[in-house]
$ cat my_file17.txt   # compact mmCIF, C-alpha atoms
# COMPACT_ATOMS: atom_id res chain seq x y z
CA MET A 1 74.62 117.13 84.99
CA GLY A 2 77.03 116.77 87.84
CA GLY A 3 79.22 118.72 90.21
CA TRP A 4 76.55 121.25 91.15
CA THR A 5 72.79 121.64 91.00
CA LEU A 6 70.40 124.05 89.35
CA THR A 7 69.75 125.64 92.72
CA ASP A 8 73.32 126.95 92.72
CA GLN A 9 72.23 129.51 90.09
CA ARG A 10 75.67 130.27 88.74
CA THR A 11 76.05 133.48 86.77
CA ILE A 12 77.66 133.59 83.34
CA ALA A 13 80.67 135.22 85.00
CA ASP A 14 80.94 132.23 87.35
CA SER A 15 80.86 129.84 84.40
CA LYS A 16 83.50 131.79 82.51
CA ARG A 17 85.80 131.88 85.52
CA ALA A 18 85.42 128.13 85.92
CA PHE A 19 86.08 127.67 82.20
CA HIS A 20 89.32 129.66 82.20
CA LYS A 21 90.48 127.82 85.30
CA SER A 22 89.95 124.49 83.53
CA PHE A 23 91.33 125.69 80.19
CA PRO A 24 94.15 128.20 80.85
CA TYR A 25 95.20 128.51 77.22
CA VAL A 26 94.77 131.22 74.62
CA ILE A 27 92.08 130.23 72.11
CA PRO A 28 92.90 131.24 68.51
CA SER A 29 90.65 134.09 67.38
CA LEU A 30 88.92 132.00 64.70
CA TYR A 31 87.59 129.59 67.33
CA ARG A 32 86.93 132.02 70.17
CA ARG A 33 83.35 132.70 69.10
CA THR A 34 82.51 128.99 68.92
CA ALA A 35 83.82 128.36 72.42
CA ASP A 36 82.01 131.40 73.81
CA GLU A 37 78.68 130.60 72.14
CA LEU A 38 78.71 126.99 73.31
CA LEU A 39 79.64 128.09 76.82
CA VAL A 40 76.74 130.56 76.91
CA GLU A 41 74.33 128.04 75.36
CA LEU A 42 75.14 125.42 78.00
CA HIS A 43 75.00 128.02 80.75
CA LEU A 44 71.47 129.02 79.75
CA LEU A 45 70.38 125.39 79.48
CA SER A 46 71.76 124.65 82.93
CA HIS A 47 69.18 127.07 84.34
CA GLN A 48 66.25 125.39 82.57
CA GLN A 49 64.45 123.13 85.00
CA HIS A 50 62.93 120.94 82.28
CA PHE A 51 66.00 120.58 80.11
CA LYS A 52 67.39 117.07 79.70
CA SER A 53 70.63 116.02 78.03
CA ASP A 54 69.10 113.61 75.51
CA ALA A 55 70.71 111.94 72.50
CA LEU A 56 69.76 114.71 70.06
CA PHE A 57 71.41 117.28 72.30
CA ALA A 58 74.54 115.17 72.87
CA VAL A 59 74.98 114.47 69.15
CA GLY A 60 74.31 118.09 68.24
CA LEU A 61 76.77 119.44 70.81
CA ARG A 62 79.49 117.06 69.68
CA GLN A 63 78.82 117.76 66.00
CA VAL A 64 78.90 121.54 66.41
CA PHE A 65 82.05 121.38 68.51
CA MET A 66 83.92 119.14 66.06
CA ALA A 67 82.69 120.97 62.96
CA PHE A 68 83.61 124.43 64.21
CA THR A 69 87.02 123.47 65.59
CA GLN A 70 88.34 122.07 62.31
CA GLY A 71 91.98 123.08 61.94
CA TYR A 72 92.36 124.01 65.62
CA LYS A 73 95.99 124.05 66.77
CA PRO A 74 97.24 122.43 68.86
CA GLU A 75 94.82 119.60 68.21
CA THR A 76 95.77 118.01 71.54
CA HIS A 77 93.88 120.81 73.33
CA LEU A 78 90.49 119.90 71.84
CA ASP A 79 89.49 117.32 74.44
CA GLU A 80 90.38 119.75 77.22
CA LEU A 81 88.45 122.55 75.53
CA TYR A 82 85.33 120.41 75.12
CA ALA A 83 85.56 119.22 78.72
CA ALA A 84 86.00 122.76 80.05
CA ILE A 85 82.96 124.07 78.15
CA CYS A 86 80.85 121.28 79.65
CA THR A 87 82.13 121.13 83.21
CA CYS A 88 82.02 124.88 83.82
CA ASN A 89 78.25 124.62 83.38
CA GLY A 90 77.74 121.41 85.33
CA PHE A 91 77.55 119.01 82.37
CA GLU A 92 79.50 115.76 82.28
CA PRO A 93 81.65 115.80 79.12
CA GLU A 94 82.52 112.11 79.01
CA ALA A 95 78.90 111.02 79.47
CA LEU A 96 77.77 113.36 76.68
CA LYS A 97 80.57 112.19 74.41
CA GLN A 98 79.69 108.53 74.95
CA LEU A 99 75.99 109.20 74.34
CA ALA A 100 76.79 111.10 71.14
CA GLU A 101 79.19 108.49 69.79
CA GLY A 102 76.96 105.60 70.83
CA SER A 103 73.88 107.13 69.20
CA THR A 104 75.78 107.87 66.00
CA SER A 105 77.13 104.31 65.90
CA ALA A 106 73.61 103.00 66.48
CA VAL A 107 72.33 104.48 63.21
CA SER A 108 75.41 103.67 61.12
CA GLY A 109 74.75 100.86 58.69
CA HIS A 110 70.98 101.31 58.87
CA THR A 111 68.78 102.72 56.15
CA ILE A 112 67.42 106.23 56.29
CA ASN A 113 63.90 104.80 56.54
CA GLU A 114 64.81 102.73 59.59
CA VAL A 115 66.35 105.71 61.34
CA ARG A 116 63.42 107.89 60.37
CA GLU A 117 61.01 105.44 61.97
CA TRP A 118 63.09 105.26 65.17
CA LEU A 119 63.30 109.02 65.49
CA SER A 120 59.64 109.58 64.65
CA ASN A 121 58.64 107.09 67.36
CA ARG A 122 60.99 108.52 70.00
CA GLY A 123 63.41 105.61 69.89
CA ALA A 124 60.95 102.71 69.80
CA GLY A 125 62.75 99.74 68.22
CA ALA A 126 66.08 101.56 68.03
CA PRO A 127 69.30 100.14 69.48
CA GLU A 128 70.75 101.61 72.64
CA PRO A 129 71.77 104.19 73.64
CA LEU A 130 69.62 105.88 70.99
CA ALA A 131 66.38 104.27 72.17
CA SER A 132 66.47 105.66 75.70
CA GLY A 133 68.34 108.74 74.54
CA ILE A 134 65.40 110.16 72.59
CA SER A 135 62.47 108.67 74.51
CA SER A 136 61.57 112.00 76.13
CA VAL A 137 62.04 114.26 73.10
CA GLY A 138 59.04 116.50 72.56
CA GLY A 139 57.23 115.09 75.56
CA GLU A 140 55.66 116.87 78.48
CA SER A 141 57.90 119.49 80.12
CA PHE A 142 60.35 119.20 77.21
CA HIS A 143 62.81 122.06 76.70
CA TYR A 144 64.17 122.52 73.18
CA SER A 145 67.76 123.50 72.32
CA ARG A 146 69.03 124.51 68.89
CA LEU A 147 71.72 121.86 69.31
CA MET A 148 68.96 119.25 69.07
CA ALA A 149 68.18 120.37 65.52
CA VAL A 150 71.81 119.77 64.57
CA GLY A 151 71.73 116.41 66.35
CA LEU A 152 68.66 115.35 64.38
CA LEU A 153 70.27 116.34 61.08
CA SER A 154 73.55 114.66 62.05
CA LEU A 155 71.88 111.34 62.90
CA LEU A 156 70.03 111.32 59.59
CA SER A 157 73.28 112.11 57.79
CA SER A 158 75.08 109.27 59.59
CA ALA A 159 72.41 106.85 58.41
CA GLN A 160 73.35 107.76 54.86
CA GLY A 161 77.00 107.13 55.58
CA GLY A 162 78.19 110.65 56.18
CA GLU A 163 77.76 113.36 53.58
CA PRO A 164 74.20 113.26 52.19
CA SER A 165 73.80 113.23 48.42
CA ASN A 166 71.01 115.77 48.71
CA PRO A 167 71.35 118.11 51.73
CA ASP A 168 68.04 119.85 50.98
CA GLU A 169 66.15 116.56 51.08
CA LEU A 170 67.85 115.69 54.35
CA LYS A 171 66.83 119.02 55.90
CA LYS A 172 63.28 118.48 54.67
CA LEU A 173 63.23 115.07 56.31
CA ALA A 174 64.57 116.56 59.54
CA HIS A 175 61.71 119.07 59.49
CA GLU A 176 59.14 116.31 59.01
CA ILE A 177 60.52 114.22 61.86
CA GLY A 178 60.83 117.28 64.06
CA GLU A 179 57.16 118.09 63.56
CA GLN A 180 56.21 114.51 64.41
CA LEU A 181 58.21 114.88 67.62
CA GLY A 182 56.40 118.10 68.44
CA LEU A 183 59.31 120.41 67.68
CA SER A 184 58.62 123.85 66.25
CA LYS A 185 59.05 123.85 62.47
CA PRO A 186 60.00 127.57 62.29
CA ARG A 187 62.65 127.09 64.97
CA LEU A 188 64.02 123.96 63.31
CA ASP A 189 64.18 125.74 59.97
CA LYS A 190 65.93 128.76 61.47
CA ASP A 191 68.42 126.72 63.51
CA LEU A 192 69.32 124.34 60.67
CA SER A 193 69.68 127.17 58.16
CA LEU A 194 71.93 129.10 60.53
CA TYR A 195 74.02 126.01 61.24
CA THR A 196 74.61 125.13 57.58
CA SER A 197 75.33 128.76 56.70
CA ASN A 198 77.87 129.16 59.50
CA LEU A 199 79.42 125.82 58.61
CA GLU A 200 80.13 127.04 55.09
CA LYS A 201 81.60 130.29 56.38
CA MET A 202 83.80 128.42 58.85
CA ALA A 203 85.11 126.09 56.16
CA GLN A 204 85.96 129.08 53.97
CA ALA A 205 87.71 130.84 56.86
CA VAL A 206 89.80 127.77 57.70
CA GLU A 207 90.74 127.33 54.04
CA LEU A 208 91.74 130.99 53.77
CA ILE A 209 93.91 130.79 56.88
CA GLU A 210 95.61 127.63 55.66
CA GLU A 211 96.33 129.26 52.29
CA THR A 212 97.68 132.38 54.02
CA LEU A 213 99.95 130.35 56.29
CA ALA A 214 101.22 128.33 53.34
CA ALA A 215 101.99 131.53 51.42
CA GLU A 216 103.84 132.95 54.41
CA ARG A 217 105.90 129.77 54.73
CA ARG A 218 106.85 129.95 51.05
CA LYS A 219 107.81 133.61 51.46
CA ARG A 220 110.00 132.85 54.48
CA ASP A 221 111.66 129.99 52.62
CA ARG A 222 112.47 132.28 49.68
CA GLN A 223 113.80 134.97 51.98
CA ALA A 224 115.95 132.45 53.81
CA ALA A 225 117.34 131.16 50.53
CA ASP A 226 118.06 134.68 49.27
CA SER A 227 119.81 135.65 52.50
CA GLN A 228 122.34 132.80 52.24
CA PRO A 229 125.85 134.42 51.83
CA GLY A 230 127.26 133.79 48.37
CA ASP A 231 130.82 132.50 47.93
CA SER A 232 132.94 135.24 46.32
CA LYS A 233 135.71 132.89 45.22
CA THR A 234 135.99 131.96 41.57
CA PRO A 235 135.60 128.31 40.64
CA GLU A 236 139.34 128.14 39.99
CA ALA A 237 140.18 129.56 43.39
CA GLN A 238 137.69 127.26 45.07
CA SER A 239 139.44 124.24 43.56
CA GLU A 240 142.76 125.21 45.15
CA SER A 241 143.43 124.31 48.73
CA PRO A 242 145.24 126.64 51.18
CA ASP A 243 148.26 124.31 51.02
CA ASP A 244 148.42 124.66 47.23
CA LEU A 245 148.35 128.45 47.50
CA ALA A 246 151.08 128.44 50.12
CA ALA A 247 153.26 126.23 47.92
CA GLU A 248 152.84 128.59 44.98
CA GLU A 249 153.83 131.61 47.10
CA SER A 250 156.99 129.88 48.37
CA THR A 251 158.22 129.27 44.83
CA ASN A 252 157.79 132.90 43.78
$ encode --input "my_file17.txt" --output "structure tokens"
Amino acid sequence: MGGWTLTDQRTIADSKRAFHKSFPYVIPSLYRRTADELLVELHLLSHQQHFKSDALFAVGLRQVFMAFTQGYKPETHLDELYAAICTCNGFEPEALKQLAEGSTSAVSGHTINEVREWLSNRGAGAPEPLASGISSVGGESFHYSRLMAVGLLSLLSSAQGGEPSNPDELKKLAHEIGEQLGLSKPRLDKDLSLYTSNLEKMAQAVELIEETLAAERRKRDRQAADSQPGDSKTPEAQSESPDDLAAEESTN
């Protein structure tokens, strides 16, 4: 973390003021809860003396942010939103982003068994930055975050090339690795179940909003077409020019 130290003991109000100063835009209602929950989560972690921004945390934070901001408009605000959530709590957004992307790239193209072995052995034999990024997971003075559960699941999913063919098997594997790392199985189960459940709800909400917006656009288009003034002239009259009409009148 950078910019300030744990001894500063910022309040949640301080963090929110800093956030709104960095991101002075209105957040659409669908995404407001995501931004607020991540802000609060990072605020609480910033006060934990033994918390460390490891690879599981970085991947989990990035995954949750990207997954729950699907469909956000304008899309150009997303980088600023992510940065504001991090910096208002003393975290370095670019460093976390690089660690997340680097760790995800490190497992891409490798088998699930290879990645499982790396994770189970806290990065031993894994490529960087994953190796050093998970070396302290579950160790002495380790502080767990629910974002780490998502990071673990995301890394396993990336090893399979994205969407797993069997999500339940992937969650089971995440539980096994988590236990080997010394993570609480009940907490992992709760956090992963909540994440997948909320992910489904978010996808449904985004789909519903997109369908509603599309229906409204079609309605406006129909109304605009219906409101076009009709031409009262008959086809015969329309074919005659003003000069023709004037010529006819002069001969009468």
$ residues_around --input "my_file17.txt" --residues "Val64 of chain A" --least-positions-apart "4" --cutoff "8 Å" --atoms "only C-alpha atoms" --output "number ranges by chain"
A: 60, 68, 147, 150
$ atom_distance --input "my_file17.txt" --atom1 "atom CA of Glu114 of chain A" --atom2 "atom CA of Arg62 of chain A"
22.9 Å
$ residues_near_point --input "my_file17.txt" --point "(60.8, 123.4, 71.1)" --cutoff "7 Å" --atoms "only C-alpha atoms" --output "list in words"
His143, Tyr144, Leu183 and Ser184 of chain A
$ axis_aligned_box --input "my_file17.txt" --around "segment 14-28 of chain A" --padding-each-side "4 Å" --output "AutoDock Vina command-line options"
--center_x 88.0 --center_y 128.4 --center_z 77.9 --size_x 22.3 --size_y 15.7 --size_z 26.8
$ closest_residue --input "my_file17.txt" --among "A:Ala67, A:Gly133, A:Asn89, A:Ala215" --to "Ala18 of chain A" --atoms "all atoms listed in the file"
A:Asn89
$ residues_near_point --input "my_file17.txt" --point "(85.9, 121.9, 83.9)" --cutoff "12 Å" --atoms "all atoms listed in the file" --output "number ranges by chain"
A: 2-4, 14-24, 39, 79-94
$ closest_residue --input "my_file17.txt" --among "A:Gln228, A:Thr76, A:Ser105, A:Thr111" --to "Ala55 of chain A" --atoms "all atoms listed in the file"
A:Ser105
$ residues_around --input "my_file17.txt" --residues "Gly182 of chain A" --least-positions-apart "6" --cutoff "12 Å" --atoms "all atoms listed in the file" --output "PDB file with C-alpha atoms, in the frame of the given file"
ATOM      1  CA  LEU A 119      63.300 109.020  65.490  1.00  0.00           C
ATOM      2  CA  SER A 120      59.640 109.580  64.650  1.00  0.00           C
ATOM      3  CA  ASN A 121      58.640 107.090  67.360  1.00  0.00           C
ATOM      4  CA  ARG A 122      60.990 108.520  70.000  1.00  0.00           C
ATOM      5  CA  SER A 136      61.570 112.000  76.130  1.00  0.00           C
ATOM      6  CA  VAL A 137      62.040 114.260  73.100  1.00  0.00           C
ATOM      7  CA  GLY A 138      59.040 116.500  72.560  1.00  0.00           C
ATOM      8  CA  GLY A 139      57.230 115.090  75.560  1.00  0.00           C
ATOM      9  CA  GLU A 140      55.660 116.870  78.480  1.00  0.00           C
ATOM     10  CA  SER A 141      57.900 119.490  80.120  1.00  0.00           C
ATOM     11  CA  PHE A 142      60.350 119.200  77.210  1.00  0.00           C
ATOM     12  CA  HIS A 143      62.810 122.060  76.700  1.00  0.00           C
ATOM     13  CA  TYR A 144      64.170 122.520  73.180  1.00  0.00           C
ATOM     14  CA  HIS A 175      61.710 119.070  59.490  1.00  0.00           C
ATOM     15  CA  GLU A 176      59.140 116.310  59.010  1.00  0.00           C
ATOM     16  CA  LEU A 188      64.020 123.960  63.310  1.00  0.00           C
TER      17      LEU A 188
END
$ closest_residue --input "my_file17.txt" --among "A:Gln63, A:Gln9, A:Thr196, A:Ser145" --to "Asp168 of chain A" --atoms "all atoms listed in the file"
A:Thr196
$ atom_distance --input "my_file17.txt" --atom1 "atom CA of Ala35 of chain A" --atom2 "atom CA of Leu61 of chain A"
11.5 Å
$ closest_residue --input "my_file17.txt" --among "A:Ser154, A:Ser197, A:Thr212, A:Thr34" --to "Glu101 of chain A" --atoms "only C-alpha atoms"
A:Ser154
$ residues_around --input "my_file17.txt" --residues "Asp54 of chain A" --least-positions-apart "3" --cutoff "7 Å" --atoms "all atoms listed in the file" --output "list in words"
Phe57, Ala58, Gly133 and Ile134 of chain A
$ closest_residue --input "my_file17.txt" --among "A:Glu179, A:Ala100, A:His50, A:Ala205" --to "Leu155 of chain A" --atoms "only C-alpha atoms"
A:Ala100
$ atom_distance --input "my_file17.txt" --atom1 "atom CA of Glu207 of chain A" --atom2 "atom CA of Ser158 of chain A"
24.5 Å
$ residues_around --input "my_file17.txt" --residues "Val107 of chain A" --least-positions-apart "3" --cutoff "12 Å" --atoms "all atoms listed in the file" --output "number ranges by chain"
A: 59, 100-104, 110-119, 123, 125-131, 152, 154-162
$ write_last_selection --input "my_file17.txt" --atoms "C-alpha atoms" --output "CSV table (one decimal), keeping the file's coordinate frame"
chain,number,residue,atom,x,y,z
A,59,VAL,CA,75.0,114.5,69.2
A,100,ALA,CA,76.8,111.1,71.1
A,101,GLU,CA,79.2,108.5,69.8
A,102,GLY,CA,77.0,105.6,70.8
A,103,SER,CA,73.9,107.1,69.2
A,104,THR,CA,75.8,107.9,66.0
A,110,HIS,CA,71.0,101.3,58.9
A,111,THR,CA,68.8,102.7,56.2
A,112,ILE,CA,67.4,106.2,56.3
A,113,ASN,CA,63.9,104.8,56.5
A,114,GLU,CA,64.8,102.7,59.6
A,115,VAL,CA,66.4,105.7,61.3
A,116,ARG,CA,63.4,107.9,60.4
A,117,GLU,CA,61.0,105.4,62.0
A,118,TRP,CA,63.1,105.3,65.2
A,119,LEU,CA,63.3,109.0,65.5
A,123,GLY,CA,63.4,105.6,69.9
A,125,GLY,CA,62.8,99.7,68.2
A,126,ALA,CA,66.1,101.6,68.0
A,127,PRO,CA,69.3,100.1,69.5
A,128,GLU,CA,70.8,101.6,72.6
A,129,PRO,CA,71.8,104.2,73.6
A,130,LEU,CA,69.6,105.9,71.0
A,131,ALA,CA,66.4,104.3,72.2
A,152,LEU,CA,68.7,115.4,64.4
A,154,SER,CA,73.6,114.7,62.0
A,155,LEU,CA,71.9,111.3,62.9
A,156,LEU,CA,70.0,111.3,59.6
A,157,SER,CA,73.3,112.1,57.8
A,158,SER,CA,75.1,109.3,59.6
A,159,ALA,CA,72.4,106.8,58.4
A,160,GLN,CA,73.4,107.8,54.9
A,161,GLY,CA,77.0,107.1,55.6
A,162,GLY,CA,78.2,110.6,56.2
